[in-house]
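target-v1.txt (compact mmCIF, C-alpha atoms) appears below.
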# COMPACT_ATOMS: atom_id res chain seq x y z
CA MET A 30 90.70 -4.85 42.00
CA GLU A 31 93.01 -1.88 42.30
CA ALA A 32 91.68 1.31 43.86
CA GLU A 33 92.74 3.16 40.71
CA PHE A 34 90.15 1.18 38.70
CA TRP A 35 87.27 2.72 40.64
CA LEU A 36 88.82 6.18 40.86
CA GLU A 37 89.17 6.16 37.07
CA ARG A 38 85.54 5.10 36.63
CA TRP A 39 84.39 8.10 38.66
CA ARG A 40 86.75 10.49 36.86
CA ASP A 41 85.54 9.28 33.47
CA GLY A 42 81.87 9.36 34.45
CA ARG A 43 81.53 5.59 33.79
CA THR A 44 79.21 5.13 36.75
CA HIS A 45 76.21 3.28 35.31
CA PHE A 46 76.22 1.31 38.58
CA HIS A 47 74.93 4.45 40.32
CA GLN A 48 71.16 4.41 40.75
CA THR A 49 69.16 7.62 40.46
CA ARG A 50 66.55 6.38 42.94
CA VAL A 51 66.43 4.69 46.31
CA THR A 52 66.74 0.90 45.99
CA PRO A 53 63.23 -0.61 46.29
CA LEU A 54 64.57 -3.78 47.89
CA LEU A 55 66.13 -1.67 50.65
CA GLN A 56 62.83 0.08 51.30
CA LYS A 57 60.98 -3.25 51.35
CA TYR A 58 63.23 -5.23 53.67
CA TRP A 59 65.05 -2.73 55.89
CA PRO A 60 62.14 -2.05 58.28
CA ALA A 61 62.07 -5.73 59.35
CA LEU A 62 65.50 -5.27 60.96
CA ALA A 63 63.82 -3.04 63.55
CA LEU A 64 66.99 -1.15 64.41
CA PRO A 65 66.56 1.44 67.17
CA GLN A 66 66.32 5.11 66.25
CA GLY A 67 69.75 6.70 66.21
CA SER A 68 71.56 3.47 65.29
CA GLN A 69 74.74 3.93 63.28
CA VAL A 70 74.53 2.19 59.89
CA LEU A 71 77.60 1.40 57.80
CA VAL A 72 77.36 1.74 54.01
CA PRO A 73 80.62 0.37 52.53
CA LEU A 74 81.80 1.49 49.07
CA ALA A 75 78.96 3.97 49.18
CA GLY A 76 79.59 6.00 46.04
CA LYS A 77 76.98 8.77 46.00
CA SER A 78 74.08 6.43 46.71
CA LEU A 79 70.68 7.97 47.46
CA ASP A 80 70.15 5.01 49.76
CA MET A 81 72.17 6.92 52.35
CA VAL A 82 69.66 9.77 52.29
CA TRP A 83 66.81 7.29 52.74
CA LEU A 84 68.53 5.51 55.65
CA ALA A 85 69.08 8.86 57.37
CA SER A 86 65.38 9.66 56.86
CA GLN A 87 64.56 6.49 58.80
CA GLY A 88 66.24 7.93 61.89
CA HIS A 89 69.69 6.38 61.49
CA ARG A 90 73.15 7.89 61.64
CA VAL A 91 74.75 6.87 58.37
CA LEU A 92 78.47 6.15 58.01
CA GLY A 93 79.45 5.77 54.37
CA VAL A 94 82.92 4.80 53.20
CA GLU A 95 84.06 5.67 49.68
CA LEU A 96 87.44 5.83 47.92
CA SER A 97 86.54 8.49 45.38
CA GLN A 98 86.61 12.07 46.63
CA LEU A 99 84.72 13.04 43.47
CA ALA A 100 81.85 10.69 44.39
CA VAL A 101 81.72 12.03 47.94
CA GLU A 102 81.66 15.65 46.81
CA GLN A 103 78.97 14.89 44.23
CA PHE A 104 76.81 13.26 46.89
CA PHE A 105 76.75 16.37 49.04
CA ASP A 106 76.44 18.77 46.08
CA GLU A 107 73.57 16.87 44.46
CA ASN A 108 71.68 16.59 47.73
CA ARG A 109 72.26 20.27 48.54
CA LEU A 110 74.12 19.47 51.74
CA GLN A 111 76.97 21.55 53.11
CA PRO A 112 79.35 19.16 54.87
CA GLN A 113 81.78 19.86 57.66
CA ILE A 114 85.17 18.40 56.72
CA ARG A 115 87.87 17.02 58.98
CA GLU A 116 90.83 14.65 58.66
CA SER A 117 91.60 11.54 60.70
CA ALA A 118 93.70 8.40 60.41
CA TYR A 119 90.78 6.84 58.51
CA GLY A 120 90.67 9.50 55.80
CA ARG A 121 88.75 12.70 55.13
CA HIS A 122 85.39 12.90 56.90
CA TYR A 123 82.47 14.78 55.32
CA THR A 124 79.52 15.27 57.67
CA ALA A 125 76.13 16.91 57.14
CA GLY A 126 73.23 16.16 59.45
CA ASP A 127 72.96 12.43 60.02
CA VAL A 128 75.19 11.46 57.09
CA GLU A 129 78.95 11.10 57.43
CA ILE A 130 81.08 9.78 54.59
CA ILE A 131 84.73 8.89 55.06
CA CYS A 132 86.75 9.32 51.89
CA GLY A 133 89.21 6.52 52.44
CA ASP A 134 90.00 2.81 52.25
CA ILE A 135 87.47 0.45 53.89
CA PHE A 136 90.37 -1.80 54.91
CA LYS A 137 91.84 0.99 57.05
CA LEU A 138 88.80 1.10 59.30
CA ASP A 139 89.29 -0.68 62.62
CA ALA A 140 87.24 -2.10 65.48
CA ALA A 141 87.21 1.25 67.27
CA LEU A 142 85.07 2.62 64.45
CA LEU A 143 83.29 -0.47 63.10
CA SER A 144 82.11 -1.81 66.47
CA ALA A 145 79.89 1.27 66.83
CA CYS A 146 77.91 0.24 63.74
CA VAL A 147 74.84 -1.80 64.67
CA GLY A 148 73.49 -1.78 61.11
CA VAL A 149 75.02 -2.39 57.70
CA TYR A 150 73.71 -1.99 54.16
CA ASP A 151 75.83 -3.57 51.42
CA ARG A 152 74.53 -3.21 47.87
CA ALA A 153 77.72 -2.16 46.14
CA ALA A 154 80.71 -3.49 48.06
CA LEU A 155 80.77 -7.30 47.99
CA VAL A 156 79.84 -7.50 44.29
CA ALA A 157 82.49 -4.89 43.44
CA LEU A 158 85.38 -6.94 44.84
CA PRO A 159 87.17 -9.76 43.01
CA ALA A 160 87.07 -13.27 44.46
CA ASP A 161 90.47 -13.03 46.15
CA MET A 162 89.38 -9.98 48.18
CA ARG A 163 85.82 -10.91 49.19
CA ALA A 164 86.63 -13.21 52.12
CA ARG A 165 89.17 -10.70 53.46
CA TYR A 166 86.60 -7.92 53.16
CA ALA A 167 83.88 -9.87 54.96
CA ARG A 168 86.25 -10.83 57.75
CA HIS A 169 87.64 -7.33 58.18
CA VAL A 170 84.36 -5.42 58.05
CA TYR A 171 81.64 -7.75 59.29
CA GLY A 172 83.93 -9.44 61.78
CA GLN A 173 84.45 -6.10 63.58
CA LEU A 174 80.88 -4.74 63.58
CA SER A 175 78.82 -4.55 66.77
CA ALA A 176 78.12 -7.91 68.39
CA HIS A 177 74.44 -7.15 67.86
CA TYR A 178 74.60 -5.90 64.27
CA ARG A 179 71.89 -6.56 61.69
CA GLY A 180 71.94 -5.70 58.03
CA ILE A 181 70.95 -6.19 54.42
CA LEU A 182 73.26 -7.56 51.72
CA ILE A 183 72.27 -7.49 48.04
CA THR A 184 74.23 -9.62 45.57
CA LEU A 185 74.10 -10.63 41.92
CA ASP A 186 74.13 -14.24 40.73
CA TYR A 187 74.89 -14.97 37.07
CA PRO A 188 77.20 -17.31 35.13
CA GLN A 189 80.51 -15.58 35.84
CA GLU A 190 82.16 -17.16 32.80
CA GLN A 191 79.76 -15.22 30.55
CA MET A 192 80.94 -11.77 31.68
CA ASP A 193 83.89 -10.22 33.43
CA GLY A 194 82.94 -8.21 36.51
CA PRO A 195 82.56 -5.91 38.20
CA PRO A 196 79.89 -6.23 39.29
CA PHE A 197 80.84 -9.81 40.04
CA SER A 198 78.60 -12.80 40.50
CA VAL A 199 78.63 -13.95 44.13
CA GLY A 200 76.65 -17.17 44.55
CA ASP A 201 74.99 -18.33 47.74
CA ALA A 202 77.62 -21.01 48.44
CA GLU A 203 80.32 -18.34 48.49
CA VAL A 204 78.25 -15.97 50.63
CA GLN A 205 77.68 -18.72 53.20
CA ALA A 206 81.36 -19.67 53.18
CA ILE A 207 82.77 -16.16 53.67
CA PHE A 208 80.28 -15.18 56.38
CA ALA A 209 80.23 -18.51 58.24
CA ALA A 210 82.83 -17.58 60.85
CA HIS A 211 80.94 -14.61 62.27
CA SER A 212 77.53 -14.02 60.69
CA GLU A 213 74.28 -15.63 59.66
CA ALA A 214 73.23 -14.87 56.08
CA LEU A 215 69.60 -15.72 55.38
CA VAL A 216 68.22 -15.45 51.83
CA ILE A 217 64.99 -13.44 52.01
CA ASP A 218 64.49 -12.62 48.32
CA ARG A 219 65.71 -13.87 44.95
CA ARG A 220 64.40 -12.56 41.67
CA ASP A 221 65.25 -12.68 37.98
CA ILE A 222 66.16 -9.16 36.79
CA LEU A 223 67.74 -9.91 33.39
CA ASP A 224 64.94 -8.16 31.49
CA LYS A 225 65.58 -5.01 33.54
CA GLU A 226 69.36 -5.00 32.93
CA PRO A 227 69.96 -4.84 29.15
CA LYS A 228 73.68 -4.17 29.61
CA PHE A 229 74.07 -7.70 30.95
CA SER A 230 72.12 -9.22 28.06
CA GLU A 231 74.23 -7.25 25.60
CA ARG A 232 77.35 -8.78 27.11
CA GLY A 233 76.02 -12.31 26.68
CA VAL A 234 74.66 -13.05 30.16
CA SER A 235 71.87 -15.64 29.97
CA ARG A 236 70.68 -15.52 33.59
CA LEU A 237 70.78 -12.74 36.19
CA ASP A 238 69.31 -12.90 39.68
CA THR A 239 69.48 -10.36 42.46
CA VAL A 240 69.58 -11.94 45.90
CA VAL A 241 68.77 -10.23 49.20
CA TYR A 242 70.22 -11.49 52.48
CA GLN A 243 69.36 -10.58 56.01
CA LEU A 244 72.55 -10.58 58.07
CA GLN A 245 73.23 -10.75 61.77
CA ARG A 246 75.99 -11.72 64.15
CA LYS A 247 76.05 -15.39 65.10
CA GLY A 248 74.95 -15.96 68.66

Let's see the structure in the file written out as structure tokens.
Amino acid sequence: MEAEFWLERWRDGRTHFHQTRVTPLLQKYWPALALPQGSQVLVPLAGKSLDMVWLASQGHRVLGVELSQLAVEQFFDENRLQPQIRESAYGRHYTAGDVEIICGDIFKLDAALLSACVGVYDRAALVALPADMRARYARHVYGQLSAHYRGILITLDYPQEQMDGPPFSVGDAEVQAIFAAHSEALVIDRRDILDKEPKFSERGVSRLDTVVYQLQRKG
């Protein structure tokens, strides 16, 4: 998936993937991770997600990464935050309080930055990437997080042949395969959400599950 695809979606306002509330599954399962106060939490392909505001309210330092400058600016505007802005090799950093968003490419982040993240919340990244990029993404990002990281991954599982992504279907067998080298991925919730997602039904999808994983570094 080319970066231009997502930049165009934000420019055109075709962002139905953006939720106007905090994700209930995040609120339900995040506390069980028991991350210490002040932990840095990575939110890859963050968009303008309200989940970042919620994570900061839980006492975390949030590090979002997002390609679209428009999405980043909308996040701070809509949440009435005045960010400090600076440039680095990673991209343009916007920081307000406990939320920092880097406007840049997730693949340009390195161990110097990622190893400081002891938490990760992935609702929008893995399912946004085509099959040929997902293993590379998992290796690059999760393989360089703190040795003690814990996190939540939310995926979608539907018959991929019935609809072109994104968001893509990422089944459990693939999740286990792409995380096997460095992380444990434990399914903690699976639920049928087809009746809540009419856009999928309209496109001919006959089954749609959302799956929640608890992630941690292999010992």

Checklist line | For CA of Gly76 in chain A and CA of Gln103 in chain A, the interatomic separation in Å (one decimal) | finding: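 Interatomic distance, CA of Gly76 in chain A to CA of Gln103 in chain A: 9.1 Å.
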
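The space between CA of Leu84 in chain A and CA of Thr184 in chain A spans 19.1 Å.
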
Margin query: Every residue with an atom at most 12 Å from (84.7, -6.7, 47.8) (file coordinates; all atoms listed in the file) is what I'm after, so could you write them as JSON, numbers by chain?
Written below: {"A": [30, 31, 32, 73, 74, 134, 135, 136, 151, 152, 153, 154, 155, 156, 157, 158, 159, 160, 161, 162, 163, 164, 165, 166, 167, 168, 169, 170, 171, 184, 194, 195, 196, 197, 198, 199, 204, 207]}

Next item on the list: May I ask which of the residues A:Leu99, A:Leu71, A:Val51, A:Val94 is the closest one to Cys146 in chain A, counting only C-alpha atoms?
Entry: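 Checking each of A:Leu99, A:Leu71, A:Val51, A:Val94 against Cys146 in chain A, counting only C-alpha atoms, the winner is A:Leu71.
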
Item checked: Who sits within 8 Å of Ser68 in chain A, only C-alpha atoms, same chain under 3 positions skipped, as an MDAnalysis selection string -> chainID A and resid 64:65 88:90 146:148

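Neighbours of range 223-232 of chain A closer than or equal to 8 Å, with all atoms listed in the file counted and sequence neighbours fewer than 3 positions away skipped, come out as Gln191, Met192, Ser235, Arg236, Leu237 and Asp238 of chain A.
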
Check: Hey, can you check how far CA of Gly200 in chain A sits from CA of Arg246 in chain A?
Finding: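 That distance, rounded to one decimal, is 20.4 Å.
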
Next item on the list: Select, from A:Val128, A:Leu54, A:Ala100, A:Leu138, the residue with the minimum atom-to-atom distance to Val70 in chain A, counting all atoms listed in the file.
Entry: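 Distance minimum relative to Val70 in chain A lands on A:Val128.
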
Notebook entry, point to check: Near Tyr123 in chain A, counting only C-alpha atoms, which residues have an atom at most 8 Å away, once you skip same-chain residues fewer than 5 positions from it, shown as an MDAnalysis selection string?
Noted result: chainID A and resid 101 112:115 129:132
